[in-house]
Each structure stands twice: as C-alpha cells, then as structure tokens.
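To keep things clear, I will list the structure first and then write my remarks on it.
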Amino acid sequence: MRETLTVNINDQKMQIDEAGRVMQPGRRAFLKGAIAAGAALAIPSWVTAAEAQIPAGKKLRFGYIGRGSVSHAYLPTLAEAEFVELVSICDLIEGRARDGATRHKIPNVYPNIDAMLAGPKFDLLVNTTSMPSHFPVNKKALEAGCNVWSEKPIALEVKDAYELLELAKKKGVQIWVAPTCVTSPQFRFMSDMIQGGKIGRVTAGHGTYGHGGPTWSAWFYEKGGGSLYDLGVYNVTTLTGLLGPVKSVMGMTAILNKTRKVDDKGEVTVTADENTMLIMDHGNGILSHVQTGFGYFEPERAPSRERKLYTVDIMGTTGAMHMQGWDWAPAAVDVATEGHAILQPQCRDKWPYEWVGGARYVATCLLTGQKSLITAEHGLHVLEVMNACHRSQETGRRIAVESTFKWPLFT
C-alpha cells in the first residue's frame with residue numbers, strides 16, 4: 001500500500017503520496033491556486049509550477065514502446081497527467097502491449113514500431129525498449145517526425161548518437177534521453193552550492209550505484225548491455241552535470257560470472273561488464289570517480305524512511321557534500337563546511353521529482369515553452385564518456401573525450 005502524508009497548505013488539507021505528488025482530485029486547481037497565492041512552501045520546485053501553467057484541456061499525444069519492467073512505473077506516471085493523451089502502445093510481445101493498453105485505456109496496440117508509426121499520429125514517442133534497440137527505434141521515430149524521449153543510453157555508439165541529433169534537427173523535432181537526475185531538488189541544491197562557492201574550490205567527486213544484477217532479460221549481460229550503461233550512467237550524468245564536461249577518461253571493467261541465469265533465455269554467457277571503475281578528468285584539476293556493478297550487496301541502500309547511505313560525494317577546499325540515497329531517488333544532502341564540520345542534512349524535498357518522470361517533464365517543456373534541463377547533447381556526452389571507459393579497458397590508455405554540452409546547468 002502506498003504511504004501518504006497529509007499537509008496543510010493555504011488552509012487546504014492535501015494528500016501527498018510517497019513520490020511527493022499532490023494526489024488527485026484537484027491537483028491542477030490546487031497548484032494554480034497556490035501559485036496565485038505566492039505560496040513558496042506549496043510550490044517547492046519549478047517542475048510543479050511549470051505543469052500548473054499548462055492551459056486546461058491542452059494535451060500532448062504519446063506513443064509508448066517497450067512494455068518491459070520499467071513500463072510498470074513509467075505508464076502510471078504518464079496516465080495520471082491531465083495533459084497526456086496515450087494514443088498507442090507497442091511491444092514485440094503483443095500480449096504485454098495489450099495488457100498495458102487495458103490497464104491504462106490506450107486505444108491502439110501494435111507489435112512493432114513500423115506498424116505503430118503507420119497508425120494514428122502522436123507527438124512524442126517514449127522509448128523504453130532494451131538498450132540495444134534504442135538507436136534503431138529512436139531513428140525510425142525521428143524519421144517519422146516524432147519527438148522522442150529515450151531511456152538511457154541514447155544509442156550504444158557515439159556516431160549513432162550524432163546521427164540522431166542531426167536527424168532531429170533536420171526533421172524539426174527534439175530528442176531527449178534519460179536519466180532525469182539533473183531535475184531533482186537535491187541536484188539543484190548541490191549545483192547551487194558549487195556555483196555559489198559554498199564549498200570553496202571543487203576538487204573531486206565520487207559516485208556509486210550497483211546491485212546484484214537483473215534477472216528478467218539476457219541483454220543486460222550481452223553485448224550492448226552491462227553495468228555501466230545500465231547503472232553507472234546515472235552517476236556519470238550527475239557528476240558531469242555538477243562538475244562539468246569531461247576532458248579525458250580512464251577505466252577498468254571486469255566480468256564476474258562466466259554465465260548468468262535469466263528469465264527469458266535461461267543460462268547465458270556473460271560478455272558485458274559486471275564490475276566497472278571509471279575515472280573522469282573534468283579539467284581545472286577536478287577529478288571524479290564512478291564505481292558500478294552487478295555484483296553489489298544492496299540491502300544497506302534499500303529504500304527506507306531511515307537515513308540512507310551516501311551515493312554521490314563532492315569535495316571542495318572549504319566544504320563537502322554527500323547525497324543520501326541513489327541519485328535517481330535522492331533523500332537529502334549532508335553538508336559540512338568551515339565552522340560547521342558536523343554534517344547537517346539539507347534539502348529533504350522529495351517532490352515533485354520522479355526518476356520515471358522524464359517523458360512527462362519534457363512534455364511540460366513542449367507545452368509551455370520552458371527550456372529543458374535534460375538535453376540530447378548532455379546525453380551524447382555521457383555516452384561518449386562510457387564508450388571511452390570501455391576503450392580504455394581495451395587499450396590500457398587514457399582516452400580523450402571530444403563532445404561537450406552547455407554547462408553549468410544553473411547560473
């Protein structure tokens with residue numbers, strides 16, 4: 001059962017769910033009223049405020065492809081939004097697509113991307129297929145003139161990512177890529193601390209994300225899968241977002257198990273990284289490190305209302321910050337500075353950020369004209385960093401990174 005919290009804002013008792021969202025009914029009316037009243041506490045983030053500015057009745061039409069495990073979190077987030085119209089759903093296993101259509105009242109069901117693109121038109125494709133499928137699916141959608149929200153990574157190779165960006169530009173549409181880390185309140189807080197010089201000169205960063213490994217599909221352990229593209233991508237996105245674009249990379253990867261047992265294929269040979277260490281040089285003397293893997297003990301970081309262990313650390317000459325919880329679902333930021341060396345939890349705000357809220361977020365940007373913090377250029381850069389990590393493992397050398405993105409995200 002989902003936990004809720006009752007809060008009193010502007011003399012209205014509102015139910016807040018565990019994801020930090022104001023529960024229906026009346027969410028839009030409440031937000032509009034809160035903004036009109038200038039209720040700072042009622043609107044803790046520009047994300048909620050932006051959604052409230054969407055004109056009543058205005059909708060964006062969605063197509064959804066990939067009814068795997070992540071869809072069970074993605075689709076409810078989209079279906080509850082008043083400004084989202086779910087037009088079509090697609091999966092190679094048609095029964096899964098039909099189940100999603102029934103659950104979320106989606107009128108059109110298809111067994112492949114070509115059939116879906118030939119059906120009723122939609123404005124934005126949400127791509128949550130397997131990682132090796134991201135590039136071909138994204139390309140077909142862009143060619144059809146659709147905007148695209150893609151799960152990470154945007155493609156498996158940098159050259160393919162560049163092709164997607166050029167294609168989007170040519171077609172006059174946009175493409176965005178997960179993860180959504182840069183839209184969390186905790187990311188904004190840490191960015192503001194860095195840009196404001198609150199921890200002195202920033203020198204180093206560290207990120208970690210790992211668990212025992214997925215069991216539901218073989219592609220996680222095959223070429224194009226691996227812990228870095230699946231998990232480490234979150235930390236790479238967060239650290240580049242906080243510390244700036246990467247100039248060069250060194251990396252090591254390892255395979256822990258010769259085979260893995262998975263639900264769809266039984267026992268498979270492992271050919272993708274299960275244990276990865278990545279060092280990034282951001283320039284100006286700033287170094288950061290990401291560790292990720294499919295061989296980690298994870299219960300210590302399991303979701304809980306108790307204090308969570310750190311997963312992202314930023315060091316400066318006069319202070320340090322430590323993010324509680326995974327950077328895709330942070331709980332707070334602990335800060336120590338000169339004169340206040342005892343860590344103090346700050347930024348406990350949990351709403352309205354959601355790790356599966358990226359498609360909903362970019363839809364808001366399209367409908368309001370708001371500039372997105374999530375960009376294809378940042379996603380491409382993250383991909384190049386991860387590609388460079390694998391090349392470093394193969395060659396034993398430091399690998400230069402050529403791409404960049406607009407930074408800092410906040411000024």
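Convention: chains lettered A, B, ... in structure tokens order; per-chain residue numbering from 1; ligands numbered from 1 as shown.
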Residues of region 287-374 of chain A that approach region 62-86 of chain A to 8 Å or less, counting only C-alpha atoms: could you list each one with the shortest pair of atoms and its distance in Å to one decimal, rows by chain and increasing residue number, as a tab-separated table?
residue	atom	partner	partner_atom	distance
A:Val356	CA	A:Tyr74	CA	5.4
A:Gly357	CA	A:Thr77	CA	6.7
A:Ala359	CA	A:Leu78	CA	7.8
A:Arg360	CA	A:Leu78	CA	6.3
Counting only C-alpha atoms, which residues of region 237-344 of chain A sit at most 8 Å from some atom of region 173-196 of chain A, and what is each one's closest atom pair with its distance in Å to one decimal, listed by chain and rising residue number, as CSV?
residue,atom,partner,partner_atom,distance
A:Thr237,CA,A:Cys181,CA,7.2
A:Thr238,CA,A:Cys181,CA,6.2
A:Gly241,CA,A:Val182,CA,6.8
A:Leu242,CA,A:Ser191,CA,5.6
A:Met321,CA,A:Met190,CA,7.4
A:Met323,CA,A:Gln186,CA,7.6
A:Asp327,CA,A:Cys181,CA,6.3
A:Trp328,CA,A:Cys181,CA,5.4
A:Pro330,CA,A:Gln186,CA,6.7
A:Ala331,CA,A:Gln186,CA,7.8
A:Ala332,CA,A:Gln186,CA,6.4
A:Val333,CA,A:Gln186,CA,6.5
For the selection you just gave me, I'd like the residues written to a file as a PDB file, in the first residue's frame, keeping C-alpha atoms.
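See selection_2.pdb below for the written result:
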ATOM      1  CA  THR A 237      25.111  12.115 -15.685  1.00  0.00           C
ATOM      2  CA  THR A 238      25.060  13.536 -12.153  1.00  0.00           C
ATOM      3  CA  GLY A 241      26.091  17.855 -14.539  1.00  0.00           C
ATOM      4  CA  LEU A 242      27.674  19.060 -11.300  1.00  0.00           C
ATOM      5  CA  MET A 321      28.537  17.416   0.242  1.00  0.00           C
ATOM      6  CA  MET A 323      23.903  12.818  -1.342  1.00  0.00           C
ATOM      7  CA  ASP A 327      20.998   9.888  -7.307  1.00  0.00           C
ATOM      8  CA  TRP A 328      17.880   8.807  -9.238  1.00  0.00           C
ATOM      9  CA  PRO A 330      17.785  11.111  -3.504  1.00  0.00           C
ATOM     10  CA  ALA A 331      16.619  11.686   0.064  1.00  0.00           C
ATOM     11  CA  ALA A 332      18.715  14.668   1.193  1.00  0.00           C
ATOM     12  CA  VAL A 333      22.168  16.217   1.028  1.00  0.00           C
TER      13      VAL A 333
END
Check your understanding: Do you have the CA of Glu267 (chain A)-CA of Pro214 (chain A) distance handy?
Key ->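 Separation between CA of Glu267 (chain A) and CA of Pro214 (chain A): 13.2 Å.
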Exercise for review: as a PyMOL selection string, list the residues of region 92-134 of chain A assigned to alpha helix (DSSP H) by DSSP on the backbone atoms of this structure.
Suggested key: chain A and resi 94-104+113-118+134
With C-alpha atoms retained, write the just-selected residues as a PDB file, in the first residue's frame.
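Ended up saving to part-v1.pdb:
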ATOM      1  CA  GLU A  94       1.827  -8.251 -28.233  1.00  0.00           C
ATOM      2  CA  GLY A  95       0.146  -9.660 -25.138  1.00  0.00           C
ATOM      3  CA  ARG A  96       2.210  -7.377 -22.940  1.00  0.00           C
ATOM      4  CA  ALA A  97       1.193  -4.386 -25.055  1.00  0.00           C
ATOM      5  CA  ARG A  98      -2.476  -5.369 -24.826  1.00  0.00           C
ATOM      6  CA  ASP A  99      -2.237  -5.681 -21.057  1.00  0.00           C
ATOM      7  CA  GLY A 100      -0.755  -2.171 -20.856  1.00  0.00           C
ATOM      8  CA  ALA A 101      -3.474  -0.862 -23.134  1.00  0.00           C
ATOM      9  CA  THR A 102      -6.191  -2.372 -20.940  1.00  0.00           C
ATOM     10  CA  ARG A 103      -4.670  -1.049 -17.708  1.00  0.00           C
ATOM     11  CA  HIS A 104      -4.186   2.484 -18.984  1.00  0.00           C
ATOM     12  CA  ILE A 113       7.455   0.215 -34.353  1.00  0.00           C
ATOM     13  CA  ASP A 114       6.693   0.350 -38.084  1.00  0.00           C
ATOM     14  CA  ALA A 115       3.054  -0.566 -37.552  1.00  0.00           C
ATOM     15  CA  MET A 116       2.712   1.945 -34.721  1.00  0.00           C
ATOM     16  CA  LEU A 117       4.220   4.800 -36.755  1.00  0.00           C
ATOM     17  CA  ALA A 118       1.826   3.954 -39.596  1.00  0.00           C
ATOM     18  CA  HIS A 134      17.323   2.404 -28.553  1.00  0.00           C
TER      19      HIS A 134
END
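Our summary of the geometry notes that CA of Ile154 (chain A) is positioned 20.3 Å from CA of Ala400 (chain A).
Comparing A:Ile106, A:Val385, A:Val246, A:Leu125 by their smallest distance to Ala144 (chain A), the closest is A:Leu125 (using only C-alpha atoms).
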